file start_36.txt (compact mmCIF, C-alpha atoms)
# COMPACT_ATOMS: atom_id res chain seq x y z
CA MET A 255 -7.56 3.12 57.12
CA ASN A 256 -10.54 5.33 56.28
CA GLU A 257 -13.81 5.73 58.13
CA ASN A 258 -15.66 3.15 56.09
CA GLU A 259 -13.03 0.51 56.74
CA LEU A 260 -13.08 1.29 60.44
CA LYS A 261 -16.85 0.90 60.46
CA LEU A 262 -16.50 -2.36 58.63
CA LEU A 263 -14.01 -3.74 61.13
CA GLU A 264 -16.21 -2.65 64.00
CA GLY A 265 -19.15 -4.34 62.36
CA LEU A 266 -17.11 -7.50 61.86
CA ARG A 267 -16.15 -7.50 65.52
CA CYS A 268 -19.83 -7.26 66.43
CA LEU A 269 -20.62 -10.02 63.99
CA ALA A 270 -17.92 -12.25 65.50
CA ALA A 271 -19.51 -11.85 68.93
CA ASP A 272 -23.01 -12.42 67.61
CA GLY A 273 -24.87 -15.67 67.13
CA PRO A 274 -24.61 -19.09 68.77
CA ARG A 275 -21.22 -19.77 70.29
CA GLU A 276 -21.29 -23.53 70.59
CA ALA A 277 -22.51 -26.60 68.76
CA PRO A 278 -25.74 -28.12 70.10
CA SER A 279 -25.27 -30.84 72.70
CA ALA A 280 -26.84 -33.33 70.30
CA VAL A 281 -23.65 -33.24 68.25
CA GLU A 282 -21.61 -34.30 71.26
CA GLN A 283 -24.04 -37.11 72.03
CA ARG A 284 -23.89 -38.40 68.47
CA LEU A 285 -20.10 -38.30 68.47
CA VAL A 286 -19.84 -40.12 71.79
CA GLY A 287 -22.22 -42.77 70.47
CA GLU A 288 -20.08 -43.18 67.39
CA LEU A 289 -16.90 -43.39 69.47
CA ARG A 290 -18.43 -46.16 71.59
CA ARG A 291 -19.53 -48.01 68.49
CA GLN A 292 -16.03 -47.79 67.04
CA SER A 293 -14.48 -48.94 70.31
CA ARG A 294 -16.75 -51.98 70.37
CA ALA A 295 -15.88 -52.74 66.75
CA ARG A 296 -12.17 -52.33 67.49
CA ARG A 297 -12.37 -54.75 70.43
CA ARG A 298 -14.35 -57.21 68.35
CA ASN A 299 -11.83 -56.99 65.51
CA GLY A 300 -9.00 -57.46 68.00
CA TRP A 301 -10.50 -60.67 69.30
CA LEU A 302 -11.19 -61.79 65.75
CA ALA A 303 -7.59 -61.13 64.72
CA LEU A 304 -6.34 -62.96 67.81
CA GLY A 305 -8.55 -65.93 67.01
CA MET A 306 -7.44 -65.97 63.40
CA SER A 307 -3.79 -65.84 64.45
CA GLY A 308 -4.36 -68.71 66.84
CA ALA A 309 -6.06 -70.75 64.15
CA ILE A 310 -3.25 -70.10 61.68
CA ALA A 311 -0.65 -70.99 64.29
CA ALA A 312 -2.52 -74.21 65.06
CA VAL A 313 -2.66 -75.16 61.37
CA LEU A 314 1.05 -74.45 60.96
CA ALA A 315 1.93 -76.44 64.04
CA ALA A 316 -0.19 -79.35 62.87
CA THR A 317 1.43 -79.22 59.43
CA LEU A 318 4.91 -79.20 60.90
CA TRP A 319 4.04 -82.03 63.27
CA ILE A 320 2.78 -84.11 60.37
CA ARG A 321 5.68 -83.35 58.06
CA THR A 322 8.55 -83.55 60.49
CA GLU A 323 9.97 -85.99 62.95
CA PRO A 324 12.64 -85.57 65.60
CA VAL A 325 16.16 -86.77 64.92
CA VAL A 326 16.79 -90.46 65.39
CA GLN A 327 20.29 -91.41 66.35
CA LYS A 328 21.28 -94.95 65.49
CA PRO A 329 24.93 -95.16 66.35
CA THR A 330 25.24 -98.91 65.78
CA MET A 331 24.01 -98.67 62.22
CA ALA A 332 26.12 -95.65 61.55
CA ARG A 333 29.20 -97.40 62.82
CA SER A 334 28.60 -100.47 60.74
CA GLN A 335 27.61 -98.77 57.51
CA THR A 336 28.98 -95.27 57.36
CA PRO A 337 31.55 -94.47 60.00
CA ALA A 338 32.28 -91.13 58.45
CA ALA A 339 28.72 -90.06 58.90
CA VAL A 340 28.87 -90.66 62.62
CA LYS A 341 31.87 -88.42 62.87
CA THR A 342 30.24 -85.63 60.98
CA ALA A 343 26.78 -85.83 62.47
CA PRO A 344 26.37 -82.83 64.81
CA SER A 345 26.54 -83.80 68.45
CA PRO A 346 23.65 -81.63 69.75
CA ILE A 347 21.13 -83.85 68.03
CA ALA A 348 21.30 -86.05 71.08
CA ASN A 349 19.06 -83.48 72.75
CA VAL A 350 16.24 -84.28 70.37
CA THR A 351 13.65 -86.70 71.59
CA PRO A 352 13.62 -90.01 69.79
CA ALA A 353 11.05 -90.60 67.12
CA PRO A 354 8.74 -93.54 66.94
CA GLU A 355 9.96 -96.32 64.73
CA ARG A 356 8.63 -96.39 61.22
CA GLY A 357 7.63 -99.75 59.85
CA ALA A 358 9.87 -100.90 57.04
CA GLU A 359 12.01 -97.86 56.75
CA VAL A 360 15.69 -98.15 57.45
CA ALA A 361 17.38 -94.90 58.05
CA ILE A 362 21.13 -94.57 58.04
CA ASN A 363 22.96 -91.74 59.67
CA PHE A 364 23.19 -88.23 58.26
CA TYR A 365 25.78 -87.18 55.73
CA PRO A 366 27.01 -83.65 56.24
CA LEU A 367 26.20 -81.23 53.47
CA PRO A 368 28.99 -79.21 51.88
CA ASP A 369 29.85 -76.12 53.97
CA ALA A 370 27.72 -77.40 56.85
CA ASP A 371 30.79 -77.20 59.08
CA GLU A 372 30.83 -73.43 58.68
CA LEU A 373 27.32 -73.05 60.10
CA PRO A 374 26.81 -72.31 63.79
CA PRO A 375 26.55 -75.26 66.18
CA MET A 376 23.19 -76.96 66.15
CA GLU A 377 21.15 -76.47 69.30
CA SER A 378 17.99 -78.13 68.09
CA ALA A 379 17.07 -79.96 64.94
CA THR A 380 14.18 -80.66 62.67
CA ILE A 381 13.95 -83.35 60.05
CA VAL A 382 11.98 -82.83 56.90
CA ARG A 383 11.17 -85.69 54.56
CA VAL A 384 11.85 -84.83 50.91
CA GLN A 385 12.44 -86.54 47.59
CA LEU A 386 15.81 -86.05 45.94
CA PRO A 387 17.13 -87.19 42.57
CA MET A 388 19.52 -90.11 42.81
CA SER A 389 22.14 -87.98 41.11
CA SER A 390 22.40 -85.94 44.28
CA LEU A 391 23.96 -89.00 45.95
CA ARG A 392 27.10 -88.21 44.02
CA LEU A 393 27.49 -85.13 46.20
CA MET A 394 27.99 -87.55 49.09
CA GLY A 395 30.60 -89.43 47.14
CA LEU A 396 28.38 -92.43 46.61
CA PRO A 397 28.60 -94.30 43.32
CA ILE A 398 25.43 -93.96 41.24
CA SER A 399 24.80 -95.61 37.91
CA GLU A 400 23.83 -93.36 35.08
CA ASP A 401 20.72 -95.44 34.44
CA ARG A 402 19.22 -94.55 37.81
CA ALA A 403 20.46 -91.00 38.04
CA ALA A 404 17.07 -89.59 37.10
CA GLU A 405 15.15 -91.58 39.68
CA PHE A 406 14.07 -90.12 42.97
CA VAL A 407 14.89 -91.32 46.41
CA GLN A 408 13.32 -90.44 49.72
CA ALA A 409 15.57 -88.54 52.05
CA ASP A 410 15.47 -86.76 55.37
CA MET A 411 16.93 -83.28 55.55
CA LEU A 412 18.42 -82.29 58.88
CA LEU A 413 17.67 -78.63 59.59
CA GLY A 414 19.22 -76.64 62.37
CA GLN A 415 17.54 -74.08 64.63
CA ASP A 416 18.17 -71.46 61.95
CA GLY A 417 16.38 -73.46 59.28
CA LEU A 418 19.59 -74.17 57.36
CA ALA A 419 20.26 -77.74 56.22
CA ARG A 420 23.14 -79.50 57.98
CA GLY A 421 22.85 -82.98 56.65
CA VAL A 422 20.90 -85.49 54.68
CA ARG A 423 20.15 -89.16 55.00
CA PHE A 424 18.56 -91.47 52.54
CA VAL A 425 15.69 -93.71 53.45
CA GLU A 426 15.84 -97.13 51.99
CA MET B 261 -8.87 -21.25 70.13
CA SER B 262 -5.29 -21.69 71.17
CA ASN B 263 -2.78 -22.02 68.41
CA GLY B 264 -0.30 -24.82 68.00
CA LEU B 265 -0.25 -28.26 69.51
CA THR B 266 0.14 -28.17 73.26
CA ASN B 267 1.41 -31.15 75.21
CA GLY B 268 -2.16 -31.60 76.37
CA ASP B 269 -3.40 -31.79 72.81
CA GLY B 270 -0.73 -34.31 71.88
CA ASN B 271 -1.63 -36.54 74.79
CA LEU B 272 -5.31 -36.17 74.04
CA LEU B 273 -4.83 -37.11 70.40
CA ARG B 274 -2.81 -40.17 71.37
CA SER B 275 -5.50 -41.20 73.82
CA ILE B 276 -8.23 -40.56 71.25
CA SER B 277 -6.45 -42.84 68.79
CA ARG B 278 -6.76 -45.59 71.41
CA GLY B 279 -10.49 -44.93 71.75
CA ASP B 280 -10.34 -43.02 75.06
CA GLU B 281 -13.77 -41.44 75.44
CA ALA B 282 -12.77 -39.00 78.20
CA ALA B 283 -9.89 -37.70 76.09
CA PHE B 284 -12.14 -37.28 73.11
CA LEU B 285 -14.70 -35.33 75.12
CA GLN B 286 -12.01 -33.06 76.51
CA PHE B 287 -10.66 -32.39 73.05
CA TYR B 288 -14.14 -31.87 71.61
CA ARG B 289 -15.15 -29.41 74.31
CA ARG B 290 -11.94 -27.49 73.79
CA TYR B 291 -12.36 -27.04 70.04
CA GLN B 292 -16.00 -27.54 69.08
CA ALA B 293 -17.05 -23.93 69.50
CA PRO B 294 -14.67 -22.35 66.99
CA VAL B 295 -15.25 -25.17 64.52
CA PHE B 296 -19.01 -24.79 64.83
CA ARG B 297 -18.90 -21.00 64.52
CA PHE B 298 -16.59 -21.20 61.53
CA ALA B 299 -18.97 -23.59 59.79
CA LEU B 300 -21.95 -21.43 60.68
CA GLN B 301 -20.33 -18.23 59.53
CA MET B 302 -19.24 -19.86 56.30
CA SER B 303 -22.57 -21.52 55.52
CA GLY B 304 -25.14 -19.38 57.30
CA GLN B 305 -27.06 -22.57 58.09
CA PRO B 306 -27.06 -24.11 61.57
CA GLU B 307 -27.86 -27.55 60.14
CA ILE B 308 -24.77 -27.49 57.95
CA ALA B 309 -22.69 -26.15 60.83
CA GLU B 310 -23.85 -29.04 63.04
CA GLU B 311 -23.08 -31.63 60.41
CA VAL B 312 -19.70 -30.13 59.61
CA THR B 313 -18.77 -30.03 63.30
CA GLN B 314 -19.72 -33.65 63.60
CA ASP B 315 -17.77 -34.57 60.48
CA VAL B 316 -14.66 -32.73 61.64
CA PHE B 317 -14.56 -34.56 64.95
CA MET B 318 -15.31 -37.86 63.25
CA VAL B 319 -12.11 -37.27 61.29
CA VAL B 320 -10.28 -36.57 64.54
CA MET B 321 -11.75 -39.73 66.02
CA GLY B 322 -10.67 -41.86 63.08
CA SER B 323 -7.24 -40.44 62.36
CA ALA B 324 -6.03 -38.68 65.47
CA LYS B 325 -2.63 -40.34 65.35
CA LYS B 326 -2.14 -39.35 61.72
CA TYR B 327 -2.08 -35.66 62.60
CA ASP B 328 1.42 -34.28 62.11
CA PRO B 329 2.19 -31.17 64.20
CA LYS B 330 5.05 -30.32 61.83
CA ARG B 331 2.56 -29.58 59.07
CA GLY B 332 0.67 -26.95 61.03
CA SER B 333 -1.07 -26.18 64.26
CA ILE B 334 -4.03 -28.16 65.49
CA THR B 335 -6.09 -25.02 65.04
CA ALA B 336 -5.19 -24.69 61.39
CA TYR B 337 -5.73 -28.41 60.92
CA LEU B 338 -9.25 -28.29 62.36
CA TYR B 339 -10.16 -25.18 60.39
CA GLY B 340 -8.78 -26.78 57.25
CA VAL B 341 -10.83 -29.95 57.74
CA ALA B 342 -13.91 -27.87 58.55
CA ARG B 343 -13.38 -25.71 55.52
CA ASN B 344 -13.24 -28.73 53.22
CA PHE B 345 -16.48 -30.10 54.64
CA VAL B 346 -18.20 -26.71 54.42
CA LEU B 347 -17.19 -26.19 50.81
CA ARG B 348 -18.32 -29.71 49.95
CA ARG B 349 -21.69 -29.13 51.58
CA LEU B 350 -22.11 -25.78 49.91
CA GLU B 351 -21.22 -27.32 46.60
CA GLN B 352 -23.78 -30.07 47.16
CA GLU B 353 -26.57 -27.83 48.25
CA ARG B 354 -25.77 -24.94 45.97
CA CYS B 355 -26.96 -22.70 48.73
CA TYR B 356 -24.52 -19.94 48.21
CA LEU B 357 -24.93 -17.23 45.63
CA THR B 358 -23.09 -18.65 42.68
CA ALA B 359 -23.67 -15.46 40.78
CA LEU B 360 -21.19 -13.84 43.11
CA ASP B 361 -18.43 -16.39 42.66
CA ASP B 362 -16.73 -14.02 40.30
CA PRO B 363 -15.27 -11.27 42.46
CA GLU B 364 -15.69 -8.84 39.61
CA SER B 365 -19.40 -9.52 39.31
CA GLU B 366 -21.95 -6.80 39.90
CA TYR B 367 -21.79 -6.95 43.62
CA ALA B 368 -23.26 -3.50 44.11
CA ASP B 369 -26.44 -4.51 42.34
CA ILE B 370 -27.18 -6.98 45.12
CA ALA B 371 -26.95 -4.13 47.58
CA ALA B 372 -29.41 -2.10 45.55
CA ASP B 373 -31.89 -4.98 45.67
CA ASP B 374 -31.92 -4.72 49.45
CA HIS B 375 -32.77 -1.02 49.28
CA ASP B 376 -36.10 -1.14 51.07
CA ALA B 377 -35.15 -3.67 53.72
CA LEU B 378 -32.10 -1.71 54.79
CA ARG B 379 -33.71 1.72 54.91
CA ASP B 380 -34.03 1.86 58.69
CA LEU B 381 -30.94 0.22 59.96
CA THR B 382 -30.52 -0.50 63.62
CA ARG B 383 -27.40 -1.98 65.09
CA ASN B 384 -28.79 -5.51 64.90
CA GLU B 385 -29.91 -4.94 61.41
CA ARG B 386 -26.46 -3.71 60.47
CA ILE B 387 -24.97 -6.89 61.92
CA GLU B 388 -27.49 -8.97 60.07
CA SER B 389 -26.80 -7.04 56.94
CA LEU B 390 -23.09 -7.57 57.37
CA ARG B 391 -23.65 -11.26 57.99
CA LYS B 392 -25.53 -11.50 54.72
CA ALA B 393 -22.82 -9.57 52.97
CA VAL B 394 -20.17 -11.94 54.28
CA LEU B 395 -22.26 -14.94 53.23
CA ALA B 396 -22.68 -13.42 49.80
CA LEU B 397 -18.94 -13.17 49.29
CA PRO B 398 -17.39 -15.77 47.02
CA PRO B 399 -16.14 -18.67 49.20
CA ALA B 400 -12.48 -17.86 48.60
CA TYR B 401 -13.00 -14.37 50.04
CA ARG B 402 -15.53 -15.41 52.65
CA GLU B 403 -13.18 -17.88 54.28
CA VAL B 404 -10.38 -15.35 54.77
CA VAL B 405 -12.81 -12.84 56.29
CA VAL B 406 -14.20 -15.50 58.63
CA LEU B 407 -10.77 -16.75 59.66
CA CYS B 408 -8.88 -13.45 59.89
CA ASP B 409 -11.59 -10.98 60.92
CA LEU B 410 -14.13 -13.07 62.80
CA HIS B 411 -11.80 -15.70 64.30
CA GLU B 412 -8.77 -13.41 64.50
CA LEU B 413 -6.28 -15.84 63.02
CA ASP B 414 -3.06 -14.29 61.77
CA TYR B 415 -2.16 -14.60 58.10
CA ALA B 416 0.18 -17.52 58.65
CA GLU B 417 -2.44 -19.57 60.50
CA ALA B 418 -5.06 -18.76 57.92
CA ALA B 419 -2.66 -19.70 55.13
CA MET B 420 -2.07 -23.08 56.79
CA ALA B 421 -5.78 -23.67 57.22
CA LEU B 422 -6.51 -22.72 53.63
CA ASP B 423 -3.42 -24.45 52.26
CA CYS B 424 -2.29 -21.40 50.35
CA ALA B 425 0.42 -18.75 50.50
CA ILE B 426 0.37 -15.95 53.04
CA GLY B 427 0.38 -13.44 50.22
CA THR B 428 -2.77 -15.01 48.83
CA VAL B 429 -4.50 -14.64 52.18
CA ARG B 430 -3.43 -11.01 52.40
CA SER B 431 -4.61 -10.13 48.91
CA ARG B 432 -7.90 -12.00 49.26
CA LEU B 433 -8.58 -10.33 52.59
CA HIS B 434 -7.85 -6.94 51.11
CA ARG B 435 -10.21 -7.59 48.24
CA ALA B 436 -12.90 -9.06 50.51
CA ARG B 437 -12.82 -6.05 52.79
CA ALA B 438 -13.08 -3.76 49.81
CA LEU B 439 -16.16 -5.64 48.64
CA LEU B 440 -17.74 -5.48 52.07
CA THR B 441 -16.95 -1.77 52.44
CA GLU B 442 -18.51 -1.13 49.10
CA LYS B 443 -21.58 -3.05 50.18
CA MET B 444 -21.88 -1.13 53.45
CA ARG B 445 -21.48 2.21 51.72
CA ALA B 446 -24.16 1.25 49.27
CA GLU B 447 -26.45 0.40 52.17
CA GLU B 448 -25.76 3.72 53.81
CA ARG B 449 -26.55 5.57 50.61
CA CYS B 450 -29.81 3.62 50.41
CA ALA B 451 -30.59 4.41 54.04
CA VAL B 452 -30.12 8.11 53.40
call {"tool": "encode", "arguments": {"input": "start_36.txt", "output": "structure tokens"}}
result
Amino acid sequence: MNENELKLLEGLRCLAADGPREAPSAVEQRLVGELRRQSRARRRNGWLALGMSGAIAAVLAATLWIRTEPVVQKPTMARSQTPAAVKTAPSPIANVTPAPERGAEVAINFYPLPDADELPPMESATIVRVQLPMSSLRLMGLPISEDRAAEFVQADMLLGQDGLARGVRFVE
Amino acid sequence: MSNGLTNGDGNLLRSISRGDEAAFLQFYRRYQAPVFRFALQMSGQPEIAEEVTQDVFMVVMGSAKKYDPKRGSITAYLYGVARNFVLRRLEQERCYLTALDDPESEYADIAADDHDALRDLTRNERIESLRKAVLALPPAYREVVVLCDLHELDYAEAAMALDCAIGTVRSRLHRARALLTEKMRAEERCAV
């Protein structure tokens, strides 16, 4: 390293030590103000998100309440009309609170769906009202005329706690 | 400025990401000085240095938890962020000497223009002259001089901050020093 380079490095050392060492305090004040503003916005957004989640949950709950009804167990009807259905209807449904009676509807007991026996035992149940083609009655072994196979029939699907269908019943 | 991410820095960054004002202030007071001086030495303008310092810590405030220590030290990270803001500001304001962007440009001619002003150099004047010479360097050379010579970063740290190879830092620093030496010699000749 020659003399000129040494002088340069010495000069650079002097330059490094020269001049203001710190940012003005106004910068810190502005940053703290911005941090507080962001914190307020974050809290506000948190409450907003919480409120939105609550509203969505309320809408979902209301929808489910409207579209579902608890399981109704009518052993006398099941015995008289479809004894097999009584045997196959899962026993835990007795835990479900009874539903209010619907006017003219007559609901028979549930028919087990194919492979429903392989599903885990039902701890709680939900019933969803759907429309099924009449042809699907054949799956239950019921005789259906070809003329009416394309028609739809109202049915209740019995869903377990895992959301999987265990059985179906047709509403006359 | 300490190199690397200490446990304290990691905890501070985590707290900052949750909006902890005390943690932010502690972090700011630990690192604001080198960031500010880097921006000032790169730009030569206190206003730009202030704004860049503010911008750098706004980035920290907004993305503290995104910082990955595996990609480099907190020092290099802050210098890198500051460097990007400085270059952006310089680009916007066109306040640097674009004629000198080419390292092969007639650098010595600038020195000759300062002939009268530098005739009677005192120590302070030499520092001021050197400051001007550093500011007149092309940004790619200026930043390695500021980081390695003024802030005493090693080549590896500077390479991380500048996002380039260590060899690039070494060669740029060598060239930058040669330019500055040439400038100083020219001033001495003028002074004589």
call {"tool": "residues_around", "arguments": {"input": "start_36.txt", "residues": "region 380-387 of chain A", "least_positions_apart": "2", "cutoff": "6 Å", "atoms": "only C-alpha atoms", "output": "list in words"}}
result
Thr322, Glu323, Pro324, Ser389, Ser390, Ala404, Glu405, Phe406, Val407, Gln408, Ala409, Asp410, Met411, Leu412 and Leu413 of chain A
call {"tool": "residues_around", "arguments": {"input": "start_36.txt", "residues": "region 407-418 of chain B", "least_positions_apart": "2", "cutoff": "9 Å", "atoms": "all atoms listed in the file", "output": "PDB file with C-alpha atoms, in the frame of the given file"}}
result
ATOM      1  CA  LEU A 263     -14.010  -3.740  61.130  1.00  0.00           C
ATOM      2  CA  LEU A 266     -17.110  -7.500  61.860  1.00  0.00           C
ATOM      3  CA  ARG A 267     -16.150  -7.500  65.520  1.00  0.00           C
ATOM      4  CA  CYS A 268     -19.830  -7.260  66.430  1.00  0.00           C
ATOM      5  CA  LEU A 269     -20.620 -10.020  63.990  1.00  0.00           C
ATOM      6  CA  ALA A 270     -17.920 -12.250  65.500  1.00  0.00           C
ATOM      7  CA  ALA A 271     -19.510 -11.850  68.930  1.00  0.00           C
TER       8      ALA A 271
ATOM      9  CA  MET B 261      -8.870 -21.250  70.130  1.00  0.00           C
ATOM     10  CA  ASN B 263      -2.780 -22.020  68.410  1.00  0.00           C
ATOM     11  CA  PRO B 294     -14.670 -22.350  66.990  1.00  0.00           C
ATOM     12  CA  ARG B 297     -18.900 -21.000  64.520  1.00  0.00           C
ATOM     13  CA  PHE B 298     -16.590 -21.200  61.530  1.00  0.00           C
ATOM     14  CA  GLN B 301     -20.330 -18.230  59.530  1.00  0.00           C
ATOM     15  CA  GLY B 332       0.670 -26.950  61.030  1.00  0.00           C
ATOM     16  CA  SER B 333      -1.070 -26.180  64.260  1.00  0.00           C
ATOM     17  CA  THR B 335      -6.090 -25.020  65.040  1.00  0.00           C
ATOM     18  CA  ALA B 336      -5.190 -24.690  61.390  1.00  0.00           C
ATOM     19  CA  TYR B 339     -10.160 -25.180  60.390  1.00  0.00           C
ATOM     20  CA  GLY B 340      -8.780 -26.780  57.250  1.00  0.00           C
ATOM     21  CA  ARG B 402     -15.530 -15.410  52.650  1.00  0.00           C
ATOM     22  CA  GLU B 403     -13.180 -17.880  54.280  1.00  0.00           C
ATOM     23  CA  VAL B 404     -10.380 -15.350  54.770  1.00  0.00           C
ATOM     24  CA  VAL B 405     -12.810 -12.840  56.290  1.00  0.00           C
ATOM     25  CA  MET B 420      -2.070 -23.080  56.790  1.00  0.00           C
ATOM     26  CA  ALA B 421      -5.780 -23.670  57.220  1.00  0.00           C
ATOM     27  CA  LEU B 422      -6.510 -22.720  53.630  1.00  0.00           C
ATOM     28  CA  ASP B 423      -3.420 -24.450  52.260  1.00  0.00           C
ATOM     29  CA  CYS B 424      -2.290 -21.400  50.350  1.00  0.00           C
ATOM     30  CA  ALA B 425       0.420 -18.750  50.500  1.00  0.00           C
ATOM     31  CA  ILE B 426       0.370 -15.950  53.040  1.00  0.00           C
ATOM     32  CA  GLY B 427       0.380 -13.440  50.220  1.00  0.00           C
ATOM     33  CA  VAL B 429      -4.500 -14.640  52.180  1.00  0.00           C
ATOM     34  CA  ARG B 430      -3.430 -11.010  52.400  1.00  0.00           C
ATOM     35  CA  LEU B 433      -8.580 -10.330  52.590  1.00  0.00           C
TER      36      LEU B 433
END
call {"tool": "interface_residues", "arguments": {"input": "start_36.txt", "of": "chain A", "to": "chain B", "cutoff": "9 Å", "atoms": "only C-alpha atoms", "output": "PyMOL selection string"}}
result
chain A and resi 258-259+261-263+265-278+280-282+284-286+288-290+292-293+296
call {"tool": "write_last_selection", "arguments": {"input": "start_36.txt", "atoms": "C-alpha atoms", "output": "PDB file, in the frame of the given file"}}
result
ATOM      1  CA  ASN A 258     -15.660   3.150  56.090  1.00  0.00           C
ATOM      2  CA  GLU A 259     -13.030   0.510  56.740  1.00  0.00           C
ATOM      3  CA  LYS A 261     -16.850   0.900  60.460  1.00  0.00           C
ATOM      4  CA  LEU A 262     -16.500  -2.360  58.630  1.00  0.00           C
ATOM      5  CA  LEU A 263     -14.010  -3.740  61.130  1.00  0.00           C
ATOM      6  CA  GLY A 265     -19.150  -4.340  62.360  1.00  0.00           C
ATOM      7  CA  LEU A 266     -17.110  -7.500  61.860  1.00  0.00           C
ATOM      8  CA  ARG A 267     -16.150  -7.500  65.520  1.00  0.00           C
ATOM      9  CA  CYS A 268     -19.830  -7.260  66.430  1.00  0.00           C
ATOM     10  CA  LEU A 269     -20.620 -10.020  63.990  1.00  0.00           C
ATOM     11  CA  ALA A 270     -17.920 -12.250  65.500  1.00  0.00           C
ATOM     12  CA  ALA A 271     -19.510 -11.850  68.930  1.00  0.00           C
ATOM     13  CA  ASP A 272     -23.010 -12.420  67.610  1.00  0.00           C
ATOM     14  CA  GLY A 273     -24.870 -15.670  67.130  1.00  0.00           C
ATOM     15  CA  PRO A 274     -24.610 -19.090  68.770  1.00  0.00           C
ATOM     16  CA  ARG A 275     -21.220 -19.770  70.290  1.00  0.00           C
ATOM     17  CA  GLU A 276     -21.290 -23.530  70.590  1.00  0.00           C
ATOM     18  CA  ALA A 277     -22.510 -26.600  68.760  1.00  0.00           C
ATOM     19  CA  PRO A 278     -25.740 -28.120  70.100  1.00  0.00           C
ATOM     20  CA  ALA A 280     -26.840 -33.330  70.300  1.00  0.00           C
ATOM     21  CA  VAL A 281     -23.650 -33.240  68.250  1.00  0.00           C
ATOM     22  CA  GLU A 282     -21.610 -34.300  71.260  1.00  0.00           C
ATOM     23  CA  ARG A 284     -23.890 -38.400  68.470  1.00  0.00           C
ATOM     24  CA  LEU A 285     -20.100 -38.300  68.470  1.00  0.00           C
ATOM     25  CA  VAL A 286     -19.840 -40.120  71.790  1.00  0.00           C
ATOM     26  CA  GLU A 288     -20.080 -43.180  67.390  1.00  0.00           C
ATOM     27  CA  LEU A 289     -16.900 -43.390  69.470  1.00  0.00           C
ATOM     28  CA  ARG A 290     -18.430 -46.160  71.590  1.00  0.00           C
ATOM     29  CA  GLN A 292     -16.030 -47.790  67.040  1.00  0.00           C
ATOM     30  CA  SER A 293     -14.480 -48.940  70.310  1.00  0.00           C
ATOM     31  CA  ARG A 296     -12.170 -52.330  67.490  1.00  0.00           C
TER      32      ARG A 296
END
call {"tool": "atom_distance", "arguments": {"input": "start_36.txt", "atom1": "CA of Glu448 (chain B)", "atom2": "CA of His434 (chain B)"}}
result
21.0 Å
call {"tool": "closest_residue", "arguments": {"input": "start_36.txt", "among": "A:Ala370, A:Val425, A:Leu418, A:Leu302", "to": "Met388 (chain A)", "atoms": "all atoms listed in the file"}}
result
A:Val425
call {"tool": "atom_distance", "arguments": {"input": "start_36.txt", "atom1": "CA of Leu347 (chain B)", "atom2": "CA of Ile308 (chain B)"}}
result
10.5 Å
call {"tool": "atom_distance", "arguments": {"input": "start_36.txt", "atom1": "CA of Leu304 (chain A)", "atom2": "CA of Leu273 (chain B)"}}
result
26.0 Å
call {"tool": "decode", "arguments": {"input": "start_36.txt", "residues": "region 378-389 of chain A", "atoms": "N, CA and C atoms", "output": "short mmCIF file (atom, residue, chain, number, x, y, z; two decimals), in the first residue's frame"}}
result
data_model
loop_
_atom_site.label_atom_id
_atom_site.label_comp_id
_atom_site.auth_asym_id
_atom_site.auth_seq_id
_atom_site.Cartn_x
_atom_site.Cartn_y
_atom_site.Cartn_z
N SER A 378 -74.28 -38.66 16.98
CA SER A 378 -75.32 -37.65 16.85
C SER A 378 -75.75 -37.64 15.39
N ALA A 379 -76.90 -37.09 15.14
CA ALA A 379 -77.44 -37.19 13.78
C ALA A 379 -78.05 -35.88 13.34
N THR A 380 -78.05 -35.72 12.04
CA THR A 380 -78.71 -34.57 11.44
C THR A 380 -79.54 -35.08 10.27
N ILE A 381 -80.70 -34.51 10.10
CA ILE A 381 -81.54 -34.91 8.98
C ILE A 381 -81.66 -33.76 8.01
N VAL A 382 -81.43 -34.07 6.76
CA VAL A 382 -81.51 -33.04 5.72
C VAL A 382 -82.60 -33.45 4.73
N ARG A 383 -83.50 -32.54 4.47
CA ARG A 383 -84.59 -32.82 3.53
C ARG A 383 -84.09 -32.61 2.10
N VAL A 384 -84.27 -33.62 1.26
CA VAL A 384 -83.82 -33.54 -0.14
C VAL A 384 -84.92 -34.08 -1.05
N GLN A 385 -84.70 -33.94 -2.34
CA GLN A 385 -85.59 -34.56 -3.33
C GLN A 385 -84.80 -35.61 -4.08
N LEU A 386 -85.33 -36.80 -4.18
CA LEU A 386 -84.63 -37.89 -4.86
C LEU A 386 -85.52 -38.40 -6.00
N PRO A 387 -84.90 -38.90 -7.05
CA PRO A 387 -85.72 -39.54 -8.10
C PRO A 387 -86.31 -40.85 -7.56
N MET A 388 -87.51 -41.14 -8.05
CA MET A 388 -88.20 -42.36 -7.59
C MET A 388 -87.36 -43.59 -7.88
N SER A 389 -86.55 -43.51 -8.93
CA SER A 389 -85.76 -44.69 -9.30
C SER A 389 -84.81 -45.09 -8.17
#
